[in-house]
file model_38.cif (mmCIF, C-alpha atoms)
data_data
#
loop_
_atom_site.label_atom_id
_atom_site.label_comp_id
_atom_site.auth_asym_id
_atom_site.auth_seq_id
_atom_site.Cartn_x
_atom_site.Cartn_y
_atom_site.Cartn_z
CA MET A 1 0.00 0.00 0.00
CA PRO A 2 1.23 3.52 -0.75
CA GLN A 3 2.67 5.57 2.08
CA VAL A 4 1.93 9.26 2.43
CA THR A 5 4.10 11.63 4.42
CA LEU A 6 2.53 14.97 5.15
CA THR A 7 2.40 17.75 7.71
CA VAL A 8 -1.00 18.31 9.29
CA ASN A 9 -1.42 21.35 11.54
CA GLY A 10 2.36 21.49 12.00
CA LYS A 11 2.78 17.80 12.89
CA ASN A 12 4.50 15.32 10.59
CA SER A 13 2.69 12.08 9.86
CA THR A 14 3.47 9.07 7.72
CA VAL A 15 0.37 7.03 6.99
CA GLU A 16 -0.37 3.95 4.93
CA VAL A 17 -3.31 4.48 2.57
CA GLU A 18 -4.97 2.86 -0.43
CA GLY A 19 -4.64 4.53 -3.82
CA ARG A 20 -8.31 5.47 -3.60
CA THR A 21 -8.20 6.91 -0.05
CA LEU A 22 -9.48 10.49 -0.08
CA LEU A 23 -7.73 13.25 1.85
CA VAL A 24 -10.85 13.72 3.97
CA GLU A 25 -10.81 9.99 4.86
CA LEU A 26 -7.15 10.22 5.81
CA LEU A 27 -7.88 13.21 8.06
CA ARG A 28 -11.01 11.86 9.72
CA GLU A 29 -10.40 8.13 9.88
CA LYS A 30 -6.61 7.77 10.14
CA LEU A 31 -5.66 10.97 11.96
CA ARG A 32 -8.97 11.30 13.86
CA LEU A 33 -9.32 14.97 12.94
CA THR A 34 -13.10 14.99 12.66
CA GLY A 35 -13.49 18.76 12.54
CA THR A 36 -13.37 18.48 8.75
CA HIS A 37 -16.84 17.34 7.71
CA VAL A 38 -18.23 15.38 4.79
CA GLY A 39 -21.49 16.87 3.59
CA CYS A 40 -22.22 15.95 0.00
CA ASP A 41 -19.09 14.01 -0.98
CA THR A 42 -19.57 15.44 -4.51
CA SER A 43 -17.48 18.64 -4.24
CA GLN A 44 -20.54 20.87 -4.06
CA CYS A 45 -21.07 21.78 -0.39
CA GLY A 46 -17.63 22.76 0.91
CA ALA A 47 -18.01 21.25 4.41
CA CYS A 48 -14.71 19.41 3.83
CA VAL A 49 -12.60 22.44 2.87
CA VAL A 50 -9.04 22.40 4.24
CA HIS A 51 -5.87 24.17 3.14
CA VAL A 52 -3.16 22.36 1.17
CA ASP A 53 0.03 24.41 0.92
CA GLY A 54 -1.95 27.50 1.93
CA GLU A 55 -4.84 27.21 -0.53
CA SER A 56 -8.39 26.00 0.08
CA VAL A 57 -9.36 22.67 -1.47
CA LYS A 58 -12.23 20.24 -1.13
CA ALA A 59 -10.77 17.31 0.79
CA CYS A 60 -13.45 14.97 -0.63
CA THR A 61 -12.10 15.59 -4.15
CA LEU A 62 -8.44 15.00 -3.53
CA LEU A 63 -6.63 11.71 -3.05
CA ALA A 64 -4.45 11.27 0.00
CA VAL A 65 -1.58 10.25 -2.29
CA GLN A 66 -1.87 13.61 -4.09
CA VAL A 67 -0.88 15.50 -0.93
CA ASP A 68 2.30 13.52 -0.25
CA GLY A 69 4.90 16.04 0.93
CA CYS A 70 2.32 18.82 1.42
CA GLN A 71 1.39 21.07 4.34
CA VAL A 72 -2.24 20.56 5.35
CA LEU A 73 -4.13 22.91 7.67
CA THR A 74 -7.51 21.93 9.14
CA ILE A 75 -9.94 23.71 11.43
CA GLU A 76 -8.20 22.07 14.41
CA GLY A 77 -4.95 23.85 13.53
CA LEU A 78 -6.27 27.42 13.48
CA ALA A 79 -6.39 28.41 17.15
CA ALA A 80 -3.17 29.23 19.03
CA ALA A 81 -1.75 26.69 21.49
CA ASP A 82 -3.22 28.67 24.42
CA GLY A 83 -6.68 28.43 22.86
CA THR A 84 -6.80 31.96 21.42
CA LEU A 85 -9.06 31.74 18.41
CA HIS A 86 -8.03 32.76 14.90
CA PRO A 87 -9.64 36.14 14.02
CA MET A 88 -11.97 34.33 11.58
CA GLN A 89 -13.14 31.92 14.28
CA GLU A 90 -13.57 34.81 16.69
CA ALA A 91 -15.61 36.70 14.09
CA PHE A 92 -17.87 33.69 13.45
CA ARG A 93 -18.53 33.58 17.22
CA GLU A 94 -19.04 37.32 17.60
CA TYR A 95 -21.43 37.57 14.64
CA HIS A 96 -23.24 34.32 15.38
CA ALA A 97 -22.35 33.12 11.89
CA LEU A 98 -23.69 29.61 12.45
CA GLN A 99 -26.67 27.69 13.63
CA CYS A 100 -26.17 23.93 13.39
CA GLY A 101 -22.44 24.35 12.74
CA PHE A 102 -22.07 21.59 10.18
CA CYS A 103 -20.81 23.85 7.38
CA THR A 104 -18.77 26.03 9.73
CA PRO A 105 -15.32 24.39 9.51
CA GLY A 106 -15.43 24.56 5.72
CA MET A 107 -16.82 28.10 5.78
CA VAL A 108 -14.01 29.27 8.07
CA MET A 109 -11.27 27.59 6.00
CA SER A 110 -12.69 28.99 2.72
CA ALA A 111 -13.10 32.44 4.26
CA ILE A 112 -9.45 32.56 5.34
CA ASP A 113 -8.21 31.65 1.84
CA LEU A 114 -10.61 34.23 0.40
CA VAL A 115 -9.21 36.96 2.65
CA HIS A 116 -5.63 35.95 1.78
CA LYS A 117 -6.47 36.14 -1.94
CA HIS A 118 -7.87 39.68 -1.58
CA PRO A 119 -5.26 41.78 0.23
CA GLU A 120 -7.07 44.87 -1.08
CA GLY A 121 -10.18 43.92 0.93
CA MET A 122 -13.53 42.61 -0.32
CA SER A 123 -16.93 44.19 -0.71
CA GLU A 124 -20.01 42.37 0.58
CA ARG A 125 -20.75 41.23 -2.97
CA GLU A 126 -17.23 39.86 -3.44
CA ILE A 127 -17.52 37.93 -0.19
CA ARG A 128 -20.83 36.44 -1.28
CA GLU A 129 -19.41 35.44 -4.67
CA GLY A 130 -16.28 34.07 -3.02
CA LEU A 131 -18.42 31.70 -0.94
CA GLU A 132 -19.77 30.04 -4.08
CA GLY A 133 -18.26 26.70 -3.09
CA ASN A 134 -19.74 26.56 0.43
CA LEU A 135 -23.35 25.79 1.20
CA CYS A 136 -25.09 26.66 4.47
CA ARG A 137 -28.64 25.41 4.94
CA CYS A 138 -29.47 27.33 8.15
CA THR A 139 -28.31 30.91 8.32
CA GLY A 140 -29.07 32.45 4.97
CA TYR A 141 -25.41 33.54 4.87
CA HIS A 142 -26.00 37.06 6.22
CA ASN A 143 -24.08 36.65 9.46
CA ILE A 144 -21.36 34.61 7.74
CA VAL A 145 -20.78 37.49 5.32
CA LYS A 146 -20.73 40.01 8.20
CA ALA A 147 -18.22 37.87 10.11
CA ILE A 148 -15.86 37.62 7.13
CA ALA A 149 -16.10 41.37 6.49
CA ALA A 150 -15.13 42.04 10.12
CA ALA A 151 -12.38 39.41 10.20
CA GLN A 152 -10.69 40.71 7.03
CA ASP A 153 -10.05 44.08 8.71
CA VAL A 154 -8.19 42.33 11.54
CA MET A 155 -6.34 39.93 9.23
CA HIS A 156 -5.19 42.81 7.01
CA GLY A 157 -4.09 44.82 10.05
CA LYS A 158 -6.65 47.59 9.47
CA ARG A 159 -8.02 47.09 12.97
CA SER A 160 -6.28 45.65 15.99
CA GLU A 161 -9.51 44.24 17.38
CA LEU A 162 -12.60 42.74 15.85
CA ALA A 163 -15.45 45.21 15.33
CA ARG A 164 -18.18 44.14 17.71
CA ALA A 165 -21.55 43.06 16.37
CA ALA A 166 -24.39 45.55 16.82
CA GLU A 167 -26.66 44.85 19.79
CA MET B 1 -14.49 4.08 -5.82
CA TYR B 2 -12.64 1.00 -7.06
CA ASP B 3 -9.05 0.85 -5.88
CA PHE B 4 -6.14 1.53 -8.22
CA ASP B 5 -2.38 1.88 -8.20
CA TYR B 6 -0.74 5.28 -8.33
CA HIS B 7 2.31 6.62 -10.13
CA LYS B 8 3.82 10.08 -10.06
CA PRO B 9 6.35 10.50 -12.88
CA SER B 10 8.51 13.62 -13.07
CA SER B 11 8.85 13.91 -16.85
CA VAL B 12 6.54 13.86 -19.89
CA ALA B 13 8.50 10.93 -21.32
CA ASP B 14 7.93 8.81 -18.20
CA ALA B 15 4.24 9.77 -18.06
CA VAL B 16 3.73 8.80 -21.71
CA LYS B 17 5.53 5.50 -21.14
CA LEU B 18 3.20 4.68 -18.23
CA LEU B 19 0.06 5.77 -20.09
CA SER B 20 1.01 3.83 -23.24
CA ALA B 21 1.79 0.64 -21.31
CA ASP B 22 -1.80 0.00 -20.23
CA PRO B 23 -4.99 1.10 -22.04
CA ASP B 24 -6.82 1.19 -18.69
CA ALA B 25 -4.38 3.65 -17.08
CA ARG B 26 -5.65 7.21 -16.65
CA ALA B 27 -3.86 10.52 -16.29
CA ILE B 28 -4.85 12.76 -13.39
CA SER B 29 -3.99 16.45 -13.02
CA GLY B 30 -6.29 18.45 -10.69
CA GLY B 31 -8.74 15.56 -10.53
CA GLN B 32 -11.79 17.82 -10.14
CA THR B 33 -13.64 15.92 -12.88
CA LEU B 34 -11.91 12.54 -12.76
CA LEU B 35 -12.37 11.92 -9.02
CA PRO B 36 -16.16 12.51 -9.09
CA ALA B 37 -16.31 10.15 -12.11
CA LEU B 38 -14.31 7.51 -10.23
CA LYS B 39 -16.62 7.85 -7.21
CA HIS B 40 -19.54 7.04 -9.51
CA ARG B 41 -17.57 4.04 -10.79
CA LEU B 42 -17.86 5.40 -14.32
CA ASN B 43 -14.21 4.46 -14.77
CA ARG B 44 -12.11 1.60 -13.49
CA PRO B 45 -8.48 2.55 -14.09
CA THR B 46 -5.75 0.04 -13.29
CA TYR B 47 -3.54 2.89 -12.21
CA LEU B 48 -3.51 6.67 -12.15
CA VAL B 49 -0.60 8.64 -13.56
CA ASP B 50 -0.39 11.87 -11.53
CA LEU B 51 1.02 14.62 -13.76
CA SER B 52 1.40 17.19 -10.98
CA GLY B 53 5.11 16.49 -10.50
CA ILE B 54 6.03 17.42 -14.10
CA ALA B 55 7.45 20.95 -13.93
CA GLU B 56 7.74 21.35 -17.72
CA LEU B 57 3.91 21.28 -18.01
CA LYS B 58 3.39 24.34 -15.82
CA GLY B 59 3.24 28.06 -16.42
CA VAL B 60 2.23 30.81 -18.82
CA LYS B 61 4.48 32.41 -21.47
CA ARG B 62 3.83 35.30 -23.82
CA GLU B 63 5.93 35.16 -27.01
CA GLY B 64 5.24 37.48 -29.93
CA ASP B 65 1.61 37.23 -30.93
CA LYS B 66 0.71 34.21 -28.82
CA VAL B 67 0.27 33.13 -25.21
CA THR B 68 1.28 29.56 -24.34
CA VAL B 69 -0.38 27.99 -21.32
CA GLY B 70 1.13 24.77 -19.95
CA ALA B 71 -1.34 21.90 -19.50
CA LEU B 72 -0.83 21.75 -15.73
CA THR B 73 -1.59 25.45 -15.24
CA ARG B 74 -4.43 25.74 -12.74
CA HIS B 75 -7.53 27.89 -13.35
CA ILE B 76 -6.55 30.20 -10.47
CA GLU B 77 -3.17 30.79 -12.17
CA VAL B 78 -4.76 31.62 -15.54
CA GLN B 79 -7.22 33.92 -13.75
CA ASN B 80 -4.39 35.82 -12.04
CA SER B 81 -1.71 35.63 -14.77
CA PRO B 82 -0.51 39.14 -15.74
CA GLU B 83 0.32 37.81 -19.25
CA VAL B 84 -3.18 36.40 -19.79
CA LYS B 85 -4.91 39.40 -18.25
CA SER B 86 -3.11 41.86 -20.52
CA ALA B 87 -3.10 39.80 -23.75
CA ILE B 88 -6.42 37.91 -23.58
CA PRO B 89 -8.59 39.32 -20.78
CA ALA B 90 -11.53 37.16 -21.91
CA LEU B 91 -9.50 34.03 -21.11
CA ALA B 92 -8.64 35.31 -17.61
CA HIS B 93 -12.31 36.16 -17.11
CA MET B 94 -13.33 32.67 -18.23
CA ALA B 95 -10.90 31.05 -15.78
CA ALA B 96 -12.27 33.26 -12.99
CA VAL B 97 -15.83 31.98 -13.49
CA ILE B 98 -15.05 28.24 -13.61
CA GLY B 99 -16.55 26.32 -10.67
CA ASP B 100 -15.63 27.80 -7.29
CA ILE B 101 -12.34 28.87 -5.67
CA GLN B 102 -11.59 25.36 -4.43
CA VAL B 103 -12.06 23.89 -7.90
CA ARG B 104 -9.95 26.67 -9.43
CA ASN B 105 -7.20 26.00 -6.88
CA ARG B 106 -6.88 22.43 -8.23
CA GLY B 107 -8.36 22.15 -11.73
CA THR B 108 -6.08 22.58 -14.76
CA ILE B 109 -6.57 23.81 -18.31
CA GLY B 110 -5.10 20.63 -19.79
CA GLY B 111 -7.48 18.44 -17.83
CA SER B 112 -10.49 20.47 -18.89
CA VAL B 113 -9.55 20.54 -22.58
CA ALA B 114 -8.53 16.87 -22.79
CA ASN B 115 -11.75 15.80 -21.08
CA ASN B 116 -13.97 17.94 -23.34
CA ASP B 117 -17.04 17.88 -21.10
CA PRO B 118 -19.96 19.51 -22.96
CA ALA B 119 -20.43 21.81 -19.93
CA ALA B 120 -16.74 22.77 -19.71
CA ASP B 121 -15.71 26.40 -20.32
CA TYR B 122 -12.19 26.19 -21.78
CA PRO B 123 -13.01 24.29 -25.01
CA SER B 124 -14.96 27.31 -26.31
CA ALA B 125 -11.95 29.62 -25.76
CA VAL B 126 -9.61 27.12 -27.43
CA LEU B 127 -11.86 26.83 -30.49
CA GLY B 128 -12.94 30.49 -30.39
CA LEU B 129 -9.38 31.77 -30.47
CA GLY B 130 -8.27 29.23 -33.07
CA ALA B 131 -5.69 27.90 -30.62
CA THR B 132 -3.24 25.06 -31.18
CA VAL B 133 -3.26 22.05 -28.88
CA VAL B 134 0.29 20.78 -28.32
CA THR B 135 0.88 17.15 -27.32
CA ASP B 136 3.99 15.06 -26.73
CA LYS B 137 3.76 13.93 -30.38
CA ARG B 138 2.27 16.72 -32.51
CA ARG B 139 0.40 20.00 -32.82
CA ILE B 140 -3.35 19.87 -33.40
CA ALA B 141 -5.48 22.79 -34.63
CA ALA B 142 -8.49 23.47 -32.37
CA ASP B 143 -10.78 22.94 -35.39
CA ASP B 144 -9.60 19.30 -35.58
CA PHE B 145 -9.28 18.68 -31.85
CA PHE B 146 -12.83 18.67 -30.46
CA GLN B 147 -14.89 15.77 -31.76
CA GLY B 148 -18.09 15.81 -29.69
CA MET B 149 -19.05 14.76 -26.19
CA PHE B 150 -15.97 13.76 -24.15
CA THR B 151 -14.18 13.00 -27.42
CA THR B 152 -11.02 14.62 -28.81
CA ALA B 153 -8.32 13.92 -31.40
CA LEU B 154 -6.00 12.66 -28.63
CA GLU B 155 -4.89 9.08 -29.21
CA PRO B 156 -4.51 6.53 -26.42
CA GLY B 157 -1.34 7.34 -24.47
CA GLU B 158 -0.99 10.78 -26.09
CA LEU B 159 -0.47 13.58 -23.59
CA LEU B 160 -1.69 17.17 -23.97
CA THR B 161 1.26 19.34 -22.91
CA ALA B 162 0.29 22.95 -23.70
CA ILE B 163 -2.14 25.21 -25.52
CA GLU B 164 -1.00 28.08 -27.72
CA PHE B 165 -3.49 30.93 -27.93
CA PRO B 166 -3.03 33.54 -30.68
CA ILE B 167 -3.68 36.98 -29.18
CA PRO B 168 -6.97 38.32 -30.60
CA GLU B 169 -7.93 41.91 -31.34
CA LYS B 170 -10.93 41.47 -29.09
CA ALA B 171 -12.62 38.59 -27.31
CA GLY B 172 -15.44 38.06 -24.84
CA TYR B 173 -17.16 35.23 -22.99
CA ALA B 174 -20.59 35.07 -21.39
CA LYS B 175 -22.39 32.11 -19.88
CA MET B 176 -25.60 31.20 -18.13
CA ARG B 177 -25.03 28.77 -15.28
CA ASN B 178 -27.45 26.24 -13.97
CA PRO B 179 -28.62 27.87 -10.74
CA ALA B 180 -28.09 24.71 -8.67
CA SER B 181 -25.13 22.82 -10.14
CA ARG B 182 -23.45 25.98 -11.50
CA TYR B 183 -22.40 24.09 -14.61
CA VAL B 184 -22.74 25.90 -17.92
CA MET B 185 -26.20 25.78 -19.50
CA VAL B 186 -25.02 27.85 -22.44
CA GLY B 187 -21.80 29.75 -22.97
CA VAL B 188 -20.69 31.80 -25.96
CA PHE B 189 -17.13 32.85 -26.74
CA VAL B 190 -16.67 35.55 -29.39
CA ALA B 191 -13.33 36.63 -30.86
CA LYS B 192 -12.12 39.05 -33.48
CA THR B 193 -8.88 37.47 -34.70
CA LYS B 194 -6.45 37.92 -37.57
CA GLY B 195 -8.11 34.93 -39.22
CA GLY B 196 -11.58 36.49 -38.91
CA VAL B 197 -14.42 36.49 -36.41
CA ARG B 198 -15.22 33.32 -34.47
CA VAL B 199 -18.29 32.58 -32.39
CA VAL B 200 -18.25 29.35 -30.39
CA VAL B 201 -21.03 27.85 -28.29
CA ASN B 202 -20.42 25.55 -25.32
CA GLY B 203 -22.84 23.85 -22.94
CA ALA B 204 -25.75 23.91 -25.37
CA GLY B 205 -24.90 20.90 -27.50
CA PRO B 206 -23.03 17.61 -27.12
CA GLY B 207 -19.79 19.48 -27.84
CA VAL B 208 -18.49 22.94 -28.72
CA PHE B 209 -19.52 24.25 -32.14
CA ARG B 210 -19.07 27.39 -34.24
CA GLN B 211 -22.09 29.60 -34.91
CA THR B 212 -21.25 30.63 -38.48
CA GLU B 213 -24.28 32.84 -39.05
CA MET B 214 -23.25 35.01 -36.10
CA GLU B 215 -19.64 34.98 -37.30
CA GLN B 216 -20.73 36.49 -40.63
CA ALA B 217 -22.92 39.09 -38.96
CA LEU B 218 -20.15 40.17 -36.57
CA SER B 219 -17.60 40.31 -39.40
CA ALA B 220 -19.77 42.93 -41.06
CA ASN B 221 -20.68 44.77 -37.85
CA TRP B 222 -18.99 44.01 -34.50
CA SER B 223 -21.80 44.95 -32.14
CA PRO B 224 -24.36 43.19 -29.92
CA ASP B 225 -27.12 44.40 -32.27
CA ALA B 226 -25.60 42.43 -35.14
CA VAL B 227 -26.41 39.10 -33.45
CA ALA B 228 -29.61 40.15 -31.65
CA GLY B 229 -31.85 38.95 -34.48
CA ILE B 230 -30.05 35.67 -35.21
CA LYS B 231 -31.81 32.61 -33.88
CA GLN B 232 -29.91 29.41 -33.13
CA ALA B 233 -31.71 26.28 -34.37
CA SER B 234 -32.66 24.00 -31.47
CA GLU B 235 -32.17 20.72 -33.38
CA GLY B 236 -29.38 18.66 -31.84
CA LEU B 237 -29.05 20.78 -28.69
CA ASN B 238 -29.21 19.25 -25.22
CA SER B 239 -32.60 18.85 -23.61
CA ASP B 240 -32.81 17.76 -19.98
CA ILE B 241 -34.39 18.59 -16.62
CA HIS B 242 -32.37 21.80 -16.52
CA GLY B 243 -33.70 23.22 -19.77
CA SER B 244 -35.19 22.32 -23.12
CA ALA B 245 -33.31 22.56 -26.40
CA GLU B 246 -35.51 25.54 -27.32
CA TYR B 247 -34.52 27.34 -24.11
CA ARG B 248 -30.85 26.68 -24.75
CA ALA B 249 -31.20 27.88 -28.35
CA HIS B 250 -32.73 31.12 -27.09
CA LEU B 251 -29.87 31.55 -24.61
CA VAL B 252 -27.29 31.29 -27.41
CA THR B 253 -28.44 34.64 -28.82
CA VAL B 254 -28.63 36.25 -25.36
CA MET B 255 -25.14 35.06 -24.38
CA ALA B 256 -23.68 36.06 -27.76
CA LYS B 257 -24.99 39.61 -27.28
CA ARG B 258 -23.49 39.78 -23.78
CA ALA B 259 -20.16 38.34 -24.92
CA VAL B 260 -19.81 40.96 -27.66
CA ALA B 261 -20.85 43.75 -25.28
CA ASP B 262 -18.25 42.63 -22.71
CA ALA B 263 -15.47 41.90 -25.23
CA GLY B 264 -12.14 43.55 -24.51
#
call {"tool": "encode", "arguments": {"input": "model_38.cif", "output": "structure tokens"}}
result
Amino acid sequence: MPQVTLTVNGKNSTVEVEGRTLLVELLREKLRLTGTHVGCDTSQCGACVVHVDGESVKACTLLAVQVDGCQVLTIEGLAAADGTLHPMQEAFREYHALQCGFCTPGMVMSAIDLVHKHPEGMSEREIREGLEGNLCRCTGYHNIVKAIAAAQDVMHGKRSELARAAE
Amino acid sequence: MYDFDYHKPSSVADAVKLLSADPDARAISGGQTLLPALKHRLNRPTYLVDLSGIAELKGVKREGDKVTVGALTRHIEVQNSPEVKSAIPALAHMAAVIGDIQVRNRGTIGGSVANNDPAADYPSAVLGLGATVVTDKRRIAADDFFQGMFTTALEPGELLTAIEFPIPEKAGYAKMRNPASRYVMVGVFVAKTKGGVRVVVNGAGPGVFRQTEMEQALSANWSPDAVAGIKQASEGLNSDIHGSAEYRAHLVTVMAKRAVADAG
């Protein structure tokens, strides 16, 4: 069986997989990182989004063998060691950008890549278009969009602290 | 998904050797189309040949009056390429509206063109710009390359290595997406090139095709009004739960108008 050596959330792992093992199966079933979800398994919903070498990908549409030698970041790897949340996680909490939470890990990972890809900052419309690959069936997206808009200001250094949600 | 073996060659020669050795071997680049097909067990490859380690297949070059895009160049790279944006903005725009960010971070131009899905975007730019498809063995004119649904001039074991796009005077692309799947219902690519005007339709039929009546009209008068009155015949167009052939035929005119209006 093929062996895959990769770095997940800063930790090196060497894992035996089948050729057909998906990245999301490697993460959830071999490494027990179940924060990455499987929603549709057809690359539509985005619940399985993780970063590979800094860019967002759908882990259900990538083979484990394809990420040999890569750096993988999942939702579990975002917060600091002392538990301080990433600004995007903090913004999702502050703006109540979730209800059931199933899509949230993928939303957060996509949102971070989106902010990185737009150093100039995004309008509300650009954020909405950028979330094309992530489906949420509860919130109607409004609070997710607000959270990303607030988090981008912190991530780009325009504000030192997250703008608080209106009462 | 059935299981398979996996190889990752680092040169075109090694990849071709592997692909030629077994008719049931398949090449994989971004895998954004192949992996869903494998999950549906539409394919049962003995082994996959991962092209992503072949450096010579990557990157964009502008030389004289053409832009060469390596087969392994991802959609996100075409979208952001300064060479593509300045020479053929319509191609950068097309790349930017393929799938979603995650698909564009993985999917490649070579994979899309070699697969020739009727709902793919790139084939209409390749045909619309009169591009040349380069393989490990030969150079194929776009007019000879696309041969209908999922069918191309590529022979078994032949590897698409790059696409050479002549720089047009003007080009534009407009598409209507299915609201749920986001795949193309109808797309139209228009280009004013040295060799004349080309109008190519994707998504509407079993493969990309040229709309010659619109080409003639735009040759005489490059404006959205010139195509507004031209009706696409619905015979032979796709008809499914997403839209009838008549609806798709109607969209061809609408998208052609938009593509000309947006052309730059």
call {"tool": "atom_distance", "arguments": {"input": "model_38.cif", "atom1": "CA of Glu124 (chain A)", "atom2": "CA of Lys146 (chain A)"}}
result
8.0 Å
call {"tool": "interface_residues", "arguments": {"input": "model_38.cif", "of": "chain A", "to": "chain B", "cutoff": "6 Å", "atoms": "all atoms listed in the file", "output": "ChimeraX atom specification"}}
result
/A:19-20,56-57,132-133
call {"tool": "atom_distance", "arguments": {"input": "model_38.cif", "atom1": "CA of Pro2 (chain A)", "atom2": "CA of Val15 (chain A)"}}
result
8.5 Å
call {"tool": "resolve_selection", "arguments": {"input": "model_38.cif", "expression": "the PyMOL selection byres ((chain B and resi 57-71) around 8)", "output": "PyMOL selection string"}}
result
chain B and resi 54-56+72-73+78+81+83-84+87+108-111+160-167
call {"tool": "atom_distance", "arguments": {"input": "model_38.cif", "atom1": "CA of Ala263 (chain B)", "atom2": "CA of Glu77 (chain B)"}}
result
21.1 Å
call {"tool": "resolve_selection", "arguments": {"input": "model_38.cif", "expression": "the PyMOL selection byres ((chain B and resi 247) around 12)", "output": "PyMOL selection string"}}
result
chain B and resi 176+185-186+204+231-235+237-246+248-254
call {"tool": "residues_around", "arguments": {"input": "model_38.cif", "residues": "region 58-68 of chain A", "least_positions_apart": "4", "cutoff": "7 Å", "atoms": "all atoms listed in the file", "output": "PyMOL selection string"}}
result
(chain A and resi 4-6+19-24+26+41+43+46+48-50) or (chain B and resi 32+35+102)
call {"tool": "write_last_selection", "arguments": {"input": "model_38.cif", "atoms": "C-alpha atoms", "output": "PDB file, in the coordinates of the input"}}
result
ATOM      1  CA  VAL A   4       1.930   9.260   2.430  1.00  0.00           C
ATOM      2  CA  THR A   5       4.100  11.630   4.420  1.00  0.00           C
ATOM      3  CA  LEU A   6       2.530  14.970   5.150  1.00  0.00           C
ATOM      4  CA  GLY A  19      -4.640   4.530  -3.820  1.00  0.00           C
ATOM      5  CA  ARG A  20      -8.310   5.470  -3.600  1.00  0.00           C
ATOM      6  CA  THR A  21      -8.200   6.910  -0.050  1.00  0.00           C
ATOM      7  CA  LEU A  22      -9.480  10.490  -0.080  1.00  0.00           C
ATOM      8  CA  LEU A  23      -7.730  13.250   1.850  1.00  0.00           C
ATOM      9  CA  VAL A  24     -10.850  13.720   3.970  1.00  0.00           C
ATOM     10  CA  LEU A  26      -7.150  10.220   5.810  1.00  0.00           C
ATOM     11  CA  ASP A  41     -19.090  14.010  -0.980  1.00  0.00           C
ATOM     12  CA  SER A  43     -17.480  18.640  -4.240  1.00  0.00           C
ATOM     13  CA  GLY A  46     -17.630  22.760   0.910  1.00  0.00           C
ATOM     14  CA  CYS A  48     -14.710  19.410   3.830  1.00  0.00           C
ATOM     15  CA  VAL A  49     -12.600  22.440   2.870  1.00  0.00           C
ATOM     16  CA  VAL A  50      -9.040  22.400   4.240  1.00  0.00           C
TER      17      VAL A  50
ATOM     18  CA  GLN B  32     -11.790  17.820 -10.140  1.00  0.00           C
ATOM     19  CA  LEU B  35     -12.370  11.920  -9.020  1.00  0.00           C
ATOM     20  CA  GLN B 102     -11.590  25.360  -4.430  1.00  0.00           C
TER      21      GLN B 102
END
call {"tool": "closest_residue", "arguments": {"input": "model_38.cif", "among": "A:Leu33, A:Cys40, A:Leu73, A:Ala150", "to": "Asn9 (chain A)", "atoms": "only C-alpha atoms"}}
result
A:Leu73
call {"tool": "resolve_selection", "arguments": {"input": "model_38.cif", "expression": "the PyMOL selection byres ((chain A and resi 81-98) around 8)", "output": "PDB file with C-alpha atoms, keeping the file's coordinate frame"}}
result
ATOM      1  CA  LEU A  78      -6.270  27.420  13.480  1.00  0.00           C
ATOM      2  CA  ALA A  79      -6.390  28.410  17.150  1.00  0.00           C
ATOM      3  CA  ALA A  80      -3.170  29.230  19.030  1.00  0.00           C
ATOM      4  CA  GLN A  99     -26.670  27.690  13.630  1.00  0.00           C
ATOM      5  CA  CYS A 100     -26.170  23.930  13.390  1.00  0.00           C
ATOM      6  CA  GLY A 101     -22.440  24.350  12.740  1.00  0.00           C
ATOM      7  CA  THR A 104     -18.770  26.030   9.730  1.00  0.00           C
ATOM      8  CA  VAL A 108     -14.010  29.270   8.070  1.00  0.00           C
ATOM      9  CA  ALA A 111     -13.100  32.440   4.260  1.00  0.00           C
ATOM     10  CA  ILE A 112      -9.450  32.560   5.340  1.00  0.00           C
ATOM     11  CA  CYS A 138     -29.470  27.330   8.150  1.00  0.00           C
ATOM     12  CA  THR A 139     -28.310  30.910   8.320  1.00  0.00           C
ATOM     13  CA  TYR A 141     -25.410  33.540   4.870  1.00  0.00           C
ATOM     14  CA  HIS A 142     -26.000  37.060   6.220  1.00  0.00           C
ATOM     15  CA  ASN A 143     -24.080  36.650   9.460  1.00  0.00           C
ATOM     16  CA  ILE A 144     -21.360  34.610   7.740  1.00  0.00           C
ATOM     17  CA  LYS A 146     -20.730  40.010   8.200  1.00  0.00           C
ATOM     18  CA  ALA A 147     -18.220  37.870  10.110  1.00  0.00           C
ATOM     19  CA  ILE A 148     -15.860  37.620   7.130  1.00  0.00           C
ATOM     20  CA  ALA A 150     -15.130  42.040  10.120  1.00  0.00           C
ATOM     21  CA  ALA A 151     -12.380  39.410  10.200  1.00  0.00           C
ATOM     22  CA  GLN A 152     -10.690  40.710   7.030  1.00  0.00           C
ATOM     23  CA  VAL A 154      -8.190  42.330  11.540  1.00  0.00           C
ATOM     24  CA  MET A 155      -6.340  39.930   9.230  1.00  0.00           C
ATOM     25  CA  LEU A 162     -12.600  42.740  15.850  1.00  0.00           C
ATOM     26  CA  ARG A 164     -18.180  44.140  17.710  1.00  0.00           C
ATOM     27  CA  ALA A 165     -21.550  43.060  16.370  1.00  0.00           C
TER      28      ALA A 165
END
